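Raw entry.pdb, PDB, C-alpha atoms and all ligand atoms:
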```
ATOM      1  CA  MET A   1       0.000   0.000   0.000  1.00  0.00           C
ATOM      2  CA  SER A   2       1.358   3.449  -0.844  1.00  0.00           C
ATOM      3  CA  LYS A   3       2.178   5.869   1.957  1.00  0.00           C
ATOM      4  CA  LYS A   4      -0.415   8.581   2.617  1.00  0.00           C
ATOM      5  CA  LYS A   5       0.758  11.971   1.387  1.00  0.00           C
ATOM      6  CA  VAL A   6       0.635  14.487   4.196  1.00  0.00           C
ATOM      7  CA  ASP A   7       0.640  18.264   4.194  1.00  0.00           C
ATOM      8  CA  TYR A   8       2.955  18.854   7.169  1.00  0.00           C
ATOM      9  CA  ASP A   9       6.608  18.321   7.983  1.00  0.00           C
ATOM     10  CA  CYS A  10       7.481  17.393  11.552  1.00  0.00           C
ATOM     11  CA  MET A  11      11.156  18.027  10.818  1.00  0.00           C
ATOM     12  CA  GLN A  12      10.295  21.738  10.449  1.00  0.00           C
ATOM     13  CA  CYS A  13       8.345  21.863  13.719  1.00  0.00           C
ATOM     14  CA  PRO A  14       9.629  22.072  17.305  1.00  0.00           C
ATOM     15  CA  GLY A  15       7.310  19.231  18.363  1.00  0.00           C
ATOM     16  CA  TYR A  16       4.230  20.987  19.636  1.00  0.00           C
ATOM     17  CA  CYS A  17       2.090  17.835  19.787  1.00  0.00           C
ATOM     18  CA  CYS A  18       4.615  16.212  22.138  1.00  0.00           C
ATOM     19  CA  SER A  19       3.909  19.013  24.626  1.00  0.00           C
ATOM     20  CA  TYR A  20       0.254  18.063  25.019  1.00  0.00           C
ATOM     21  CA  PRO A  21      -0.379  17.653  28.749  1.00  0.00           C
ATOM     22  CA  ARG A  22      -2.104  14.264  28.391  1.00  0.00           C
ATOM     23  CA  ILE A  23      -0.548  11.685  26.100  1.00  0.00           C
ATOM     24  CA  GLU A  24      -2.367   8.454  26.832  1.00  0.00           C
ATOM     25  CA  VAL A  25      -0.551   5.176  27.386  1.00  0.00           C
ATOM     26  CA  THR A  26      -2.801   2.133  26.921  1.00  0.00           C
ATOM     27  CA  ASP A  27      -1.964  -1.324  28.273  1.00  0.00           C
ATOM     28  CA  LYS A  28      -0.686  -2.275  24.823  1.00  0.00           C
ATOM     29  CA  ASP A  29       1.457   0.882  24.670  1.00  0.00           C
ATOM     30  CA  LEU A  30       2.911   0.117  28.086  1.00  0.00           C
ATOM     31  CA  LYS A  31       3.837  -3.427  27.035  1.00  0.00           C
ATOM     32  CA  ARG A  32       5.572  -2.012  23.942  1.00  0.00           C
ATOM     33  CA  LEU A  33       7.487   0.488  26.062  1.00  0.00           C
ATOM     34  CA  ALA A  34       8.529  -2.138  28.620  1.00  0.00           C
ATOM     35  CA  ARG A  35       9.727  -4.431  25.822  1.00  0.00           C
ATOM     36  CA  HIS A  36      11.627  -1.570  24.173  1.00  0.00           C
ATOM     37  CA  PHE A  37      13.543  -0.831  27.378  1.00  0.00           C
ATOM     38  CA  ASP A  38      13.671  -4.472  28.501  1.00  0.00           C
ATOM     39  CA  LEU A  39      11.930  -3.602  31.760  1.00  0.00           C
ATOM     40  CA  ASP A  40       9.218  -5.194  33.899  1.00  0.00           C
ATOM     41  CA  LEU A  41       5.795  -3.705  33.236  1.00  0.00           C
ATOM     42  CA  ALA A  42       5.485  -2.290  36.757  1.00  0.00           C
ATOM     43  CA  ILE A  43       8.869  -0.591  36.546  1.00  0.00           C
ATOM     44  CA  ALA A  44       8.137   0.867  33.100  1.00  0.00           C
ATOM     45  CA  GLU A  45       4.750   2.077  34.292  1.00  0.00           C
ATOM     46  CA  LYS A  46       6.213   3.847  37.310  1.00  0.00           C
ATOM     47  CA  ARG A  47       9.197   5.270  35.477  1.00  0.00           C
ATOM     48  CA  PHE A  48       7.482   6.524  32.343  1.00  0.00           C
ATOM     49  CA  THR A  49       3.858   7.192  33.240  1.00  0.00           C
ATOM     50  CA  ARG A  50       1.505   8.654  35.819  1.00  0.00           C
ATOM     51  CA  TRP A  51      -2.240   8.603  36.344  1.00  0.00           C
ATOM     52  CA  TYR A  52      -4.489  11.483  35.402  1.00  0.00           C
ATOM     53  CA  GLU A  53      -7.710  11.555  37.426  1.00  0.00           C
ATOM     54  CA  LYS A  54      -7.317   7.856  38.272  1.00  0.00           C
ATOM     55  CA  ASP A  55      -8.571   6.544  34.946  1.00  0.00           C
ATOM     56  CA  GLU A  56      -6.100   7.724  32.317  1.00  0.00           C
ATOM     57  CA  ARG A  57      -2.472   6.645  32.257  1.00  0.00           C
ATOM     58  CA  ILE A  58      -0.314   9.328  30.631  1.00  0.00           C
ATOM     59  CA  LEU A  59       3.345   9.887  29.795  1.00  0.00           C
ATOM     60  CA  ARG A  60       5.462  11.806  32.277  1.00  0.00           C
ATOM     61  CA  HIS A  61       6.850  15.157  31.177  1.00  0.00           C
ATOM     62  CA  GLN A  62      10.107  17.083  31.456  1.00  0.00           C
ATOM     63  CA  LYS A  63      10.851  20.814  31.341  1.00  0.00           C
ATOM     64  CA  ASP A  64      11.119  22.427  27.932  1.00  0.00           C
ATOM     65  CA  GLU A  65      12.401  25.864  26.935  1.00  0.00           C
ATOM     66  CA  ILE A  66       9.886  26.339  24.150  1.00  0.00           C
ATOM     67  CA  TYR A  67       6.616  24.934  25.467  1.00  0.00           C
ATOM     68  CA  GLY A  68       7.230  24.921  29.217  1.00  0.00           C
ATOM     69  CA  GLU A  69       7.049  21.150  29.408  1.00  0.00           C
ATOM     70  CA  ILE A  70       7.086  18.249  26.998  1.00  0.00           C
ATOM     71  CA  CYS A  71       7.044  14.439  26.911  1.00  0.00           C
ATOM     72  CA  ARG A  72       9.918  12.836  28.835  1.00  0.00           C
ATOM     73  CA  PHE A  73      10.890  10.941  25.685  1.00  0.00           C
ATOM     74  CA  PHE A  74      11.388  14.072  23.617  1.00  0.00           C
ATOM     75  CA  ASP A  75      14.945  15.105  22.791  1.00  0.00           C
ATOM     76  CA  THR A  76      14.799  18.815  23.636  1.00  0.00           C
ATOM     77  CA  ASP A  77      17.972  19.607  21.677  1.00  0.00           C
ATOM     78  CA  ALA A  78      17.299  17.628  18.501  1.00  0.00           C
ATOM     79  CA  ARG A  79      13.526  18.305  18.826  1.00  0.00           C
ATOM     80  CA  CYS A  80      12.406  14.769  18.046  1.00  0.00           C
ATOM     81  CA  CYS A  81      11.088  11.590  19.649  1.00  0.00           C
ATOM     82  CA  THR A  82      13.721   9.289  21.139  1.00  0.00           C
ATOM     83  CA  ILE A  83      11.489   6.197  21.088  1.00  0.00           C
ATOM     84  CA  TYR A  84       9.888   6.540  17.681  1.00  0.00           C
ATOM     85  CA  ALA A  85       9.502   2.777  17.101  1.00  0.00           C
ATOM     86  CA  ALA A  86       8.013   2.295  20.566  1.00  0.00           C
ATOM     87  CA  ARG A  87       5.857   5.421  20.820  1.00  0.00           C
ATOM     88  CA  PRO A  88       2.245   5.095  22.029  1.00  0.00           C
ATOM     89  CA  SER A  89      -0.583   4.612  19.544  1.00  0.00           C
ATOM     90  CA  VAL A  90      -1.940   8.116  20.102  1.00  0.00           C
ATOM     91  CA  CYS A  91       1.398   9.481  18.832  1.00  0.00           C
ATOM     92  CA  ARG A  92       1.238   7.157  15.811  1.00  0.00           C
ATOM     93  CA  ASP A  93      -2.237   8.332  14.869  1.00  0.00           C
ATOM     94  CA  TYR A  94      -1.703  12.069  15.367  1.00  0.00           C
ATOM     95  CA  PRO A  95      -2.749  14.342  13.644  1.00  0.00           C
ATOM     96  CA  ASN A  96      -5.316  11.907  12.242  1.00  0.00           C
ATOM     97  CA  GLY A  97      -5.384  13.286   8.741  1.00  0.00           C
ATOM     98  CA  ARG A  98      -3.431  14.953   5.971  1.00  0.00           C
ATOM     99  CA  LYS A  99      -3.070  18.264   7.780  1.00  0.00           C
ATOM    100  CA  CYS A 100      -1.681  19.361  11.136  1.00  0.00           C
ATOM    101  CA  GLY A 101      -3.275  22.564  12.442  1.00  0.00           C
ATOM    102  CA  TYR A 102      -0.171  23.669  14.319  1.00  0.00           C
ATOM    103  CA  TYR A 103       2.031  23.149  11.265  1.00  0.00           C
ATOM    104  CA  THR A 104      -0.331  25.220   9.113  1.00  0.00           C
ATOM    105  CA  PHE A 105      -0.210  27.938  11.793  1.00  0.00           C
ATOM    106  CA  ILE A 106       3.578  27.956  12.162  1.00  0.00           C
ATOM    107  CA  LYS A 107       4.082  27.927   8.390  1.00  0.00           C
ATOM    108  CA  PHE A 108       1.739  30.899   8.018  1.00  0.00           C
ATOM    109  CA  GLU A 109       3.490  32.866  10.793  1.00  0.00           C
ATOM    110  CA  ARG A 110       6.972  32.106   9.468  1.00  0.00           C
ATOM    111  CA  LYS A 111       5.986  33.379   6.070  1.00  0.00           C
ATOM    112  CA  HIS A 112       4.401  36.551   7.442  1.00  0.00           C
ATOM    113  CA  GLN A 113       7.231  37.253   9.893  1.00  0.00           C
ATOM    114  CA  ASP A 114       9.696  36.506   7.070  1.00  0.00           C
ATOM    115  CA  ASP A 115      11.593  34.291   9.495  1.00  0.00           C
ATOM    116  CA  PRO A 116      11.926  30.568   8.695  1.00  0.00           C
ATOM    117  CA  ASP A 117      12.796  29.801  12.332  1.00  0.00           C
ATOM    118  CA  PHE A 118      10.035  31.802  13.998  1.00  0.00           C
ATOM    119  CA  ILE A 119       8.174  29.934  16.741  1.00  0.00           C
ATOM    120  CA  PRO A 120       4.886  31.568  17.716  1.00  0.00           C
ATOM    121  CA  SER A 121       3.865  31.167  21.351  1.00  0.00           C
ATOM    122  CA  ALA A 122       1.112  28.577  21.335  1.00  0.00           C
TER
HETATM  123  S1  LIG B   1       2.600  19.532  15.851  1.00  0.00           S
HETATM  124 FE1  LIG B   1       2.210  18.664  13.788  1.00  0.00          FE
HETATM  125  S2  LIG B   1       4.013  19.220  12.551  1.00  0.00           S
HETATM  126 FE2  LIG B   1       4.532  19.465  14.734  1.00  0.00          FE
HETATM  127  S3  LIG B   1       5.519  17.538  15.297  1.00  0.00           S
HETATM  128 FE3  LIG B   1       3.330  17.369  15.814  1.00  0.00          FE
HETATM  129  S4  LIG B   1       2.368  16.446  13.993  1.00  0.00           S
HETATM  130 FE4  LIG B   1       4.384  17.172  13.384  1.00  0.00          FE
HETATM  131  S1  LIG B   2       6.418   9.309  22.835  1.00  0.00           S
HETATM  132 FE1  LIG B   2       7.549  10.395  21.260  1.00  0.00          FE
HETATM  133  S2  LIG B   2       6.001  11.029  19.759  1.00  0.00           S
HETATM  134 FE2  LIG B   2       4.915  10.493  21.664  1.00  0.00          FE
HETATM  135  S3  LIG B   2       4.719  12.420  22.788  1.00  0.00           S
HETATM  136 FE3  LIG B   2       6.584  11.425  23.493  1.00  0.00          FE
HETATM  137  S4  LIG B   2       8.244  12.297  22.251  1.00  0.00           S
HETATM  138 FE4  LIG B   2       6.287  12.723  21.221  1.00  0.00          FE
END
```

Turn this file's structure into structure tokens for me.
Amino acid sequence: MSKKKVDYDCMQCPGYCCSYPRIEVTDKDLKRLARHFDLDLAIAEKRFTRWYEKDERILRHQKDEIYGEICRFFDTDARCCTIYAARPSVCRDYPNGRKCGYYTFIKFERKHQDDPDFIPSA
């Protein structure tokens, strides 16, 4: 099957979607993460995730200069995911279509500011 053509380029973006406060980790995602790091499930769960309102397991965050905080698995210098092959399903599915709203926004602002590196405050 041919790859879907998308209208955004994550390599030109500082990783806004990885700064979302709640990035869900399902049981299947947790198993994938534990396998990736060769860890017991309980250790991976404690180390990489926390519970949001007792019914949603989410990825832990770290501080980030651009967005305030961002996923603990994000490389804040290279601005990319460090566990791409083992990332949760919600990360795989995002942005669920051909377009990414943030990318459209940043592209528009960079053009109008005449600055290819401009990062608008989100
Ligand atoms: S916000 Fe959009 S363009 Fe930026 S990294 Fe996420 S999916 Fe890619
Ligand atoms: S796991 Fe990777 S793709 Fe998903 S939020 Fe974290 S850094 Fe981003």

Judged by all atoms listed in the file, the minimum distance to ligand LIG 1 (chain B) among A:Cys71, A:Ala86, A:Ile66, A:Cys18 is found for A:Cys18

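Compared by their closest atoms to A:Glu56, and using all atoms listed in the file, the residues A:Phe74, A:Thr104, A:Phe37, A:Arg22 rank with A:Arg22 nearest.
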
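Between atom CA of A:Leu33 and atom CA of A:Glu45 lies a distance of 8.8 Å.
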
Return as JSON, numbers by chain the residues of protein, DNA or RNA that approach ligand LIG 1 (chain B) to within 6 Å, with all atoms listed in the file taken into account.
-> {"A": [8, 9, 10, 13, 15, 16, 17, 95, 100, 102, 103]}

Evaluate the PyMOL selection byres (((not hetatm)) within 10 of (chain B and resi 2)) and record the selected residues as an MDAnalysis selection string, following the chain and residue labels used in the document.
-> chainID A and resid 15:25 29 33 48 58:61 70:76 79:94

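Atom CA of A:Ala78 lies 14.4 Å from atom CA of A:Asp117.
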
When you look at A:Arg98 with a cut-off of 9 Å (counting only C-alpha atoms), what residues show up, excluding the ones that are within fewer than 6 positions of it in the same chain? I need them as a PDB file with C-alpha atoms, in the coordinates of the input.
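What follows is the written file selection31.pdb:
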```pdb
ATOM      1  CA  LYS A   4      -0.415   8.581   2.617  1.00  0.00           C
ATOM      2  CA  LYS A   5       0.758  11.971   1.387  1.00  0.00           C
ATOM      3  CA  VAL A   6       0.635  14.487   4.196  1.00  0.00           C
ATOM      4  CA  ASP A   7       0.640  18.264   4.194  1.00  0.00           C
ATOM      5  CA  TYR A   8       2.955  18.854   7.169  1.00  0.00           C
TER       6      TYR A   8
END
```

Of A:Ser121, A:His112, A:Leu41, A:Asn96, the one nearest to A:Gly68 when counting all atoms listed in the file is A:Ser121

Atom pair atom CA of A:Lys54 / atom CA of A:Thr26: separation (Å) =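 Separation of atom CA of A:Lys54 and atom CA of A:Thr26: 13.5 Å.
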
Given 3 Å on each side, where is the centre and what are the edge lengths in Å to one decimal of the axis-aligned box enclosing the listed atoms of stretch 106-119 of chain A, as AutoDock Vina command-line options?
```
--center_x 7.3 --center_y 32.6 --center_z 11.4 --size_x 17.1 --size_y 15.3 --size_z 16.7
```
